[in-house]
Structures are given as structure tokens and as C-alpha cells.
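**Student:** I am sharing protein_34.txt, which consists of compact mmCIF, C-alpha atoms:
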# COMPACT_ATOMS: atom_id res chain seq x y z
CA MET A 9 -7.73 29.97 -59.86
CA LYS A 10 -11.21 30.58 -58.51
CA ILE A 11 -12.80 28.06 -56.12
CA SER A 12 -16.54 27.72 -56.48
CA LYS A 13 -18.84 28.39 -53.53
CA VAL A 14 -19.81 24.71 -53.40
CA LEU A 15 -16.22 23.68 -52.82
CA GLN A 16 -15.90 26.33 -50.13
CA VAL A 17 -18.98 25.05 -48.28
CA LEU A 18 -18.21 21.33 -48.71
CA PRO A 19 -15.67 21.15 -45.84
CA LEU A 20 -18.19 22.85 -43.54
CA PHE A 21 -20.72 20.18 -44.48
CA PHE A 22 -18.36 17.43 -43.33
CA VAL A 23 -17.50 19.27 -40.13
CA PHE A 24 -21.03 20.26 -39.06
CA ALA A 25 -23.76 18.42 -41.00
CA LEU A 26 -22.47 14.85 -40.98
CA PRO A 27 -22.15 14.59 -37.18
CA VAL A 28 -25.71 15.90 -36.85
CA ALA A 29 -26.97 13.37 -39.43
CA ALA A 30 -25.07 10.57 -37.71
CA GLN A 31 -26.69 11.50 -34.39
CA GLY A 32 -30.08 11.52 -36.12
CA PHE A 33 -29.50 8.02 -37.49
CA ALA A 34 -28.42 6.78 -34.07
CA ASP A 35 -31.63 8.23 -32.61
CA LEU A 36 -33.60 6.57 -35.41
CA GLU A 37 -32.10 3.18 -34.58
CA LYS A 38 -32.84 3.76 -30.89
CA ILE A 39 -36.49 4.65 -31.60
CA ASN A 40 -36.90 1.60 -33.83
CA GLN A 41 -35.37 -0.68 -31.20
CA THR A 42 -37.60 0.85 -28.52
CA ARG A 43 -40.65 0.18 -30.72
CA LEU A 44 -39.61 -3.44 -31.10
CA ASP A 45 -38.90 -3.72 -27.36
CA TYR A 46 -42.35 -2.34 -26.51
CA ASN A 47 -43.93 -4.89 -28.84
CA GLN A 48 -41.92 -7.77 -27.37
CA GLU A 49 -42.64 -6.72 -23.79
CA GLY A 50 -46.33 -6.32 -24.60
CA MET A 51 -46.50 -9.77 -26.15
CA LEU A 52 -44.67 -11.20 -23.15
CA ILE A 53 -47.26 -9.66 -20.81
CA LEU A 54 -50.10 -10.96 -22.99
CA GLY A 55 -48.48 -14.40 -23.08
CA ILE A 56 -48.11 -14.54 -19.29
CA TRP A 57 -51.74 -13.46 -18.89
CA ALA A 58 -52.78 -16.17 -21.35
CA ILE A 59 -50.77 -18.94 -19.67
CA VAL A 60 -52.05 -18.05 -16.19
CA ASN A 61 -55.65 -17.95 -17.43
CA LEU A 62 -55.22 -21.17 -19.42
CA LEU A 63 -53.83 -23.07 -16.45
CA TRP A 64 -56.17 -21.57 -13.89
CA GLY A 65 -59.20 -21.91 -16.17
CA SER A 66 -58.40 -25.50 -17.13
CA VAL A 67 -57.90 -26.70 -13.56
CA ALA A 68 -60.79 -24.72 -12.07
CA SER A 69 -63.24 -25.80 -14.77
CA PHE A 70 -62.92 -29.41 -13.54
CA ARG A 71 -63.40 -28.43 -9.90
CA THR A 72 -66.50 -26.25 -10.27
CA ARG A 73 -69.98 -26.42 -11.72
CA GLY A 74 -72.54 -24.03 -13.20
CA LYS A 75 -71.69 -20.46 -14.09
CA ILE A 76 -68.34 -20.62 -12.26
CA GLN A 77 -67.32 -23.59 -14.40
CA ALA A 78 -68.44 -21.75 -17.55
CA PHE A 79 -66.41 -18.71 -16.44
CA HIS A 80 -63.25 -20.79 -16.14
CA GLN A 81 -63.91 -22.68 -19.37
CA MET A 82 -64.26 -19.46 -21.33
CA ASN A 83 -61.09 -18.08 -19.73
CA ALA A 84 -59.22 -21.16 -20.96
CA TYR A 85 -60.76 -21.03 -24.46
CA TRP A 86 -60.19 -17.28 -24.82
CA ASN A 87 -56.58 -17.45 -23.75
CA MET A 88 -55.66 -20.17 -26.21
CA VAL A 89 -56.18 -17.46 -28.83
CA ASN A 90 -54.33 -14.86 -26.71
CA LEU A 91 -51.37 -17.23 -26.37
CA ALA A 92 -51.22 -17.77 -30.14
CA ILE A 93 -51.38 -14.01 -30.75
CA ALA A 94 -48.69 -13.37 -28.12
CA GLY A 95 -46.40 -16.02 -29.60
CA TYR A 96 -46.75 -14.70 -33.13
CA GLY A 97 -46.40 -11.08 -32.01
CA PHE A 98 -43.28 -11.83 -29.97
CA TRP A 99 -41.72 -13.70 -32.88
CA GLN A 100 -42.57 -10.89 -35.30
CA ALA A 101 -41.08 -8.23 -33.01
CA SER A 102 -37.87 -10.25 -32.74
CA GLN A 103 -37.37 -10.23 -36.51
CA VAL A 104 -35.01 -7.26 -36.63
CA ALA A 105 -34.42 -5.78 -40.05
CA VAL A 106 -32.45 -2.71 -40.99
CA LEU A 107 -35.06 -0.15 -41.87
CA ASN A 108 -34.85 3.37 -43.21
CA PHE A 109 -36.76 6.30 -41.74
CA TRP A 110 -39.86 5.83 -43.89
CA GLU A 111 -40.11 2.08 -43.21
CA ILE A 112 -39.82 2.72 -39.48
CA LEU A 113 -42.44 5.46 -39.68
CA VAL A 114 -44.84 3.15 -41.56
CA ALA A 115 -44.22 0.31 -39.07
CA GLN A 116 -44.84 2.72 -36.19
CA GLN A 117 -48.10 3.96 -37.69
CA GLU A 118 -49.22 0.38 -38.35
CA ILE A 119 -48.77 -0.69 -34.72
CA GLU A 120 -50.66 2.38 -33.55
CA LYS A 121 -53.55 1.57 -35.94
CA ILE A 122 -53.58 -2.07 -34.83
CA LEU A 123 -53.78 -1.04 -31.17
CA LEU A 124 -56.64 1.39 -31.87
CA ALA A 125 -58.52 -1.31 -33.83
CA ASN A 126 -57.92 -3.73 -30.97
CA ALA A 127 -59.31 -1.21 -28.49
CA ALA A 128 -62.47 -0.94 -30.60
CA LEU A 129 -62.75 -4.74 -30.57
CA ASP A 130 -62.25 -4.71 -26.80
CA PHE A 131 -65.32 -2.51 -26.41
CA GLY A 132 -67.16 -5.06 -28.54
CA TYR A 133 -66.01 -7.85 -26.21
CA LEU A 134 -67.28 -5.90 -23.22
CA ALA A 135 -70.65 -5.39 -24.92
CA LEU A 136 -70.86 -9.07 -25.90
CA GLY A 137 -70.04 -10.15 -22.35
CA LEU A 138 -72.66 -7.85 -20.86
CA TYR A 139 -75.19 -9.10 -23.41
CA LEU A 140 -74.48 -12.73 -22.51
CA ILE A 141 -74.83 -11.96 -18.79
CA GLU A 142 -78.17 -10.22 -19.31
CA ARG A 143 -79.45 -12.85 -21.75
CA GLY A 144 -78.35 -15.64 -19.41
CA ARG A 145 -80.25 -14.06 -16.51
CA ARG A 146 -83.41 -13.67 -18.58
CA MET A 147 -83.28 -17.20 -19.96
CA GLU A 148 -81.92 -18.68 -16.71
CA LYS A 149 -78.83 -20.11 -18.40
CA GLU A 150 -75.95 -20.17 -15.96
CA LYS A 151 -73.47 -21.12 -18.67
CA TRP A 152 -74.18 -17.90 -20.59
CA ILE A 153 -73.75 -15.84 -17.41
CA GLY A 154 -70.38 -17.50 -16.73
CA PHE A 155 -69.25 -17.04 -20.32
CA GLY A 156 -70.38 -13.41 -20.23
CA LYS A 157 -68.48 -12.64 -17.03
CA SER A 158 -65.35 -14.21 -18.48
CA ILE A 159 -65.64 -12.20 -21.69
CA VAL A 160 -66.11 -8.99 -19.69
CA LEU A 161 -62.96 -9.80 -17.69
CA GLN A 162 -60.94 -10.60 -20.82
CA GLY A 163 -62.27 -7.54 -22.68
CA ALA A 164 -61.45 -5.25 -19.74
CA PHE A 165 -57.91 -6.62 -19.50
CA LEU A 166 -57.36 -6.29 -23.24
CA LEU A 167 -58.75 -2.74 -23.28
CA LEU A 168 -56.37 -1.72 -20.49
CA PHE A 169 -53.48 -3.56 -22.16
CA ASP A 170 -54.11 -2.00 -25.58
CA ALA A 171 -54.62 1.50 -24.13
CA ILE A 172 -51.36 1.40 -22.17
CA LEU A 173 -49.37 -0.03 -25.08
CA TYR A 174 -50.93 2.55 -27.42
CA GLY A 175 -49.88 5.35 -25.06
CA TYR A 176 -46.27 4.20 -25.16
CA GLN A 177 -46.31 3.67 -28.91
CA GLN A 178 -48.00 7.00 -29.60
CA GLN A 179 -45.32 8.88 -27.67
CA LEU A 180 -42.68 6.99 -29.63
CA GLY A 181 -44.47 7.99 -32.85
CA ILE A 182 -44.36 11.64 -31.79
CA ASP A 183 -40.62 11.32 -31.09
CA LEU A 184 -40.15 9.71 -34.51
CA VAL A 185 -41.95 12.55 -36.32
CA GLU A 186 -39.87 15.12 -34.42
CA LEU A 187 -36.71 13.27 -35.43
CA GLY A 188 -37.93 13.22 -39.04
CA LYS A 189 -38.21 16.98 -38.99
CA ALA A 190 -34.47 17.13 -38.35
CA PHE A 191 -33.84 15.17 -41.56
CA VAL A 192 -35.90 17.51 -43.72
CA VAL A 193 -34.31 20.65 -45.06
CA VAL A 194 -36.89 23.32 -45.76
CA PRO A 195 -35.72 26.29 -47.82
CA GLU A 196 -36.43 29.70 -46.35
CA ASN A 197 -38.59 32.13 -48.31
Would you mind writing the structure in this file as C-alpha cells?
**Tutor:**
Amino acid sequence: MKISKVLQVLPLFFVFALPVAAQGFADLEKINQTRLDYNQEGMLILGIWAIVNLLWGSVASFRTRGKIQAFHQMNAYWNMVNLAIAGYGFWQASQVAVLNFWEILVAQQEIEKILLANAALDFGYLALGLYLIERGRRMEKEKWIGFGKSIVLQGAFLLLFDAILYGYQQQLGIDLVELGKAFVVVPEN
């Protein structure tokens, strides 16, 4: 009785290949959980920033006048939106689903794209703030100057926030692609 080559190799597959694949899947789960943790931690930081600015801006806007009052008012207004974004982002990152490699890769690429788009918007916020400051000086409108300074502060924070979070996520994306290479079997020529 002749045993085919496939049957001869099959036990070796179970001995060597399955443990490697199992390790790869464990690494995949770890990378996915790390991605979700980064998102949750980022939204927590954004939420804390928003709450501090909301409270500080709300109280200080009643105790000041002129451009300082406008600065605090805009901080409060701006961070109402930041708080809503942080709440939704934290909730979304806590919705854990079992994902396969491709779904995790797509989710990873999406967060990287979102962070890059946000960084572009942050530059727009900086430009808008600087424009309001300059326009307020020319037209002698203290409120515009205060609003502009607040928008520059918020834009600078968000740019730093998005850049740091992108750096972490990008490295995680690189690790994910490297892990994916272990799953792919490329025939030799």
C-alpha cells in the first residue's frame, strides 16, 4: 500500500504550521486590541481636554470682558463639539467585534486616514484663527481677536493630538502588514 505525499506531509503540517498560525492569530488579536485601546485612550484624552476647556471657558467667560471673554466663550463652544466627538469615538472603540485579518486591516487603514484628514483640518483651524486675529485687529473687533486666539489654541492642540495618535496608529499598521506577510504563502520560482 502506497501512501501519497500529501498524507506524508499532513502530520508535519499539524506539528509545525498550526502552532505558527495560532501564534499569528494571537498576534492579530493583540494588534486589534491595541488599536482599540489607542482609540479609547485618545478619546479619553480628547474628552478630558474638552471638559476642562468647557468648564474653564464657561466660568471665565462670565468673569471677563472683551477679547478675553470671547477667547473663553469660543473655548467653551469649540469643546462642546470635541466632547461629543470624544464620547462617540470612545463608545465606538469599545464596541469589540471579532474581526478577521482583512477587516482589521481595513479598520486600521480607516483610522489612519481619519487622523490624516483631521490633521489637514487642524491646519485649516490654525489658518482660520490667524485670519480672525488679523481681521479683528484691522477692524478693531476684540471679539474676533479673542475667537481667533481660541481657534489657534484649539487647532494647535488638535494638530498635536492627531499627529501623536497617527504616529502610534501608523506603527501599529506597519506591524499589522508585517504580520499579514506571515499569513501569505508565496510559491518559490
**Student:** So the first atom is atom CA of Ala135 of chain A and the second is atom CA of Met88 of chain A; what is the distance between them in Å, to one decimal place?
**Tutor:**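 Interatomic distance, atom CA of Ala135 of chain A to atom CA of Met88 of chain A: 21.1 Å.
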**Student:** Taking all atoms of segment 142-151 of chain A that the file lists, what box with edges along x, y and z, padded by 5 Å per side, do you get, with centre and edge lengths in Å to one decimal, as AutoDock Vina command-line options?
**Tutor:**
--center_x -78.4 --center_y -15.7 --center_z -18.9 --size_x 19.9 --size_y 20.9 --size_z 15.8
**Student:** What's around Leu36 of chain A at 9 Å? Count only C-alpha atoms, leave out sequence neighbours fewer than 2 positions away in its own chain, and write the answer as a list in words.
**Tutor:**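 Skipping anything fewer than 2 positions along the chain leaves Gln31, Gly32, Phe33, Ala34, Lys38, Ile39, Asn40, Gln41, Asn108, Phe109, Ile112, Leu184, Leu187 and Gly188 of chain A.
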**Student:** With distances taken over only C-alpha atoms, which residue among A:Val104, A:Ile76, A:Ile93, A:Leu173 lies nearest Phe155 of chain A?
**Tutor:**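 Among A:Val104, A:Ile76, A:Ile93, A:Leu173, it is A:Ile76 that comes nearest to Phe155 of chain A.
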**Student:** What's the 10 Å shell around Ile119 of chain A, counting all atoms listed in the file, without same-chain residues fewer than 2 positions away, as a list of chain:residue names?
**Tutor:** A:Arg43, A:Asn47, A:Val114, A:Ala115, A:Gln116, A:Gln117, A:Lys121, A:Ile122, A:Leu123, A:Leu124, A:Ala125, A:Leu173, A:Tyr174, A:Gln177, A:Gln178, A:Gly181
**Student:** Within 6 Å of (-59.7, -21.2, -18.1) (coordinates as in the file), grab all the protein and nucleic acid residues, counting all atoms listed in the file, and write them out as a list of chain:residue names.
**Tutor:**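 Collected hits near the coordinates: A:Asn61, A:Leu62, A:Trp64, A:Gly65, A:Ser66, A:His80, A:Gln81, A:Met82, A:Asn83, A:Ala84.
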**Student:** Point out the residue among A:Lys157, A:Asn126, A:Gly97, A:Lys151 with the least atom-to-atom distance to Tyr139 of chain A, counting all atoms listed in the file.
**Tutor:**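 Closest to Tyr139 of chain A of all the choices is A:Lys157.
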**Student:** What does the distance from atom CA of Glu37 of chain A to atom CA of Trp99 of chain A come to in Å, to one decimal?
**Tutor:**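 The value is 19.5 Å.
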**Student:** Any idea what the distance is between atom CA of Ala68 of chain A and atom CA of Leu138 of chain A?
**Tutor:**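 Between atom CA of Ala68 of chain A and atom CA of Leu138 of chain A the gap is 22.4 Å.
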**Student:** At a cut-off of 12 Å, using all atoms listed in the file, what residues contact Glu150 of chain A? Leave out same-chain residues fewer than 6 positions from it and give the result as a PyMOL selection string.
**Tutor:** chain A and resi 73-79+140-144+156-157
**Student:** Which residues come within 10 Å of Glu49 of chain A, counting only C-alpha atoms, excluding same-chain residues fewer than 5 positions away, as a list in words?
**Tutor:**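 Selected residues are Arg43, Leu44, Leu54, Gly55, Ala94, Phe98, Ala101 and Leu173 of chain A.
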**Student:** Can you pull out the residues contacting Phe131 of chain A? Cut-off 12 Å, using only C-alpha atoms, and skip same-chain residues under 2 positions away; I want them as a list of chain:residue names.
**Tutor:**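 After dropping sequence-adjacent residues, the list is A:Leu124, A:Ala125, A:Asn126, A:Ala127, A:Ala128, A:Leu129, A:Tyr133, A:Leu134, A:Ala135, A:Leu136, A:Gly137, A:Leu138, A:Ile159, A:Val160, A:Leu161, A:Gln162, A:Gly163, A:Ala164, A:Phe165, A:Leu166, A:Leu167, A:Leu168, A:Asp170, A:Ala171.
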**Student:** From the list A:Trp57, A:Phe191, A:Tyr176, A:Thr42, which residue is nearest Asn90 of chain A when using all atoms listed in the file?
**Tutor:**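 Of all the options, A:Trp57 lies closest to Asn90 of chain A.
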**Student:** Given the choices A:Phe169, A:Lys149, A:Glu196, A:Val185, which gets closest to Leu113 of chain A if the distance is worked out from only C-alpha atoms?
**Tutor:**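 Looking at the shortest contact to Leu113 of chain A, the residue is A:Val185.
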**Student:** Let me make sure I understand: among A:Ala190, A:Glu148, A:Tyr96, A:Gly154, which one has the smallest atom-to-atom distance to Gly50 of chain A if we use only C-alpha atoms?
**Tutor:**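 Smallest distance to Gly50 of chain A is found for A:Tyr96.
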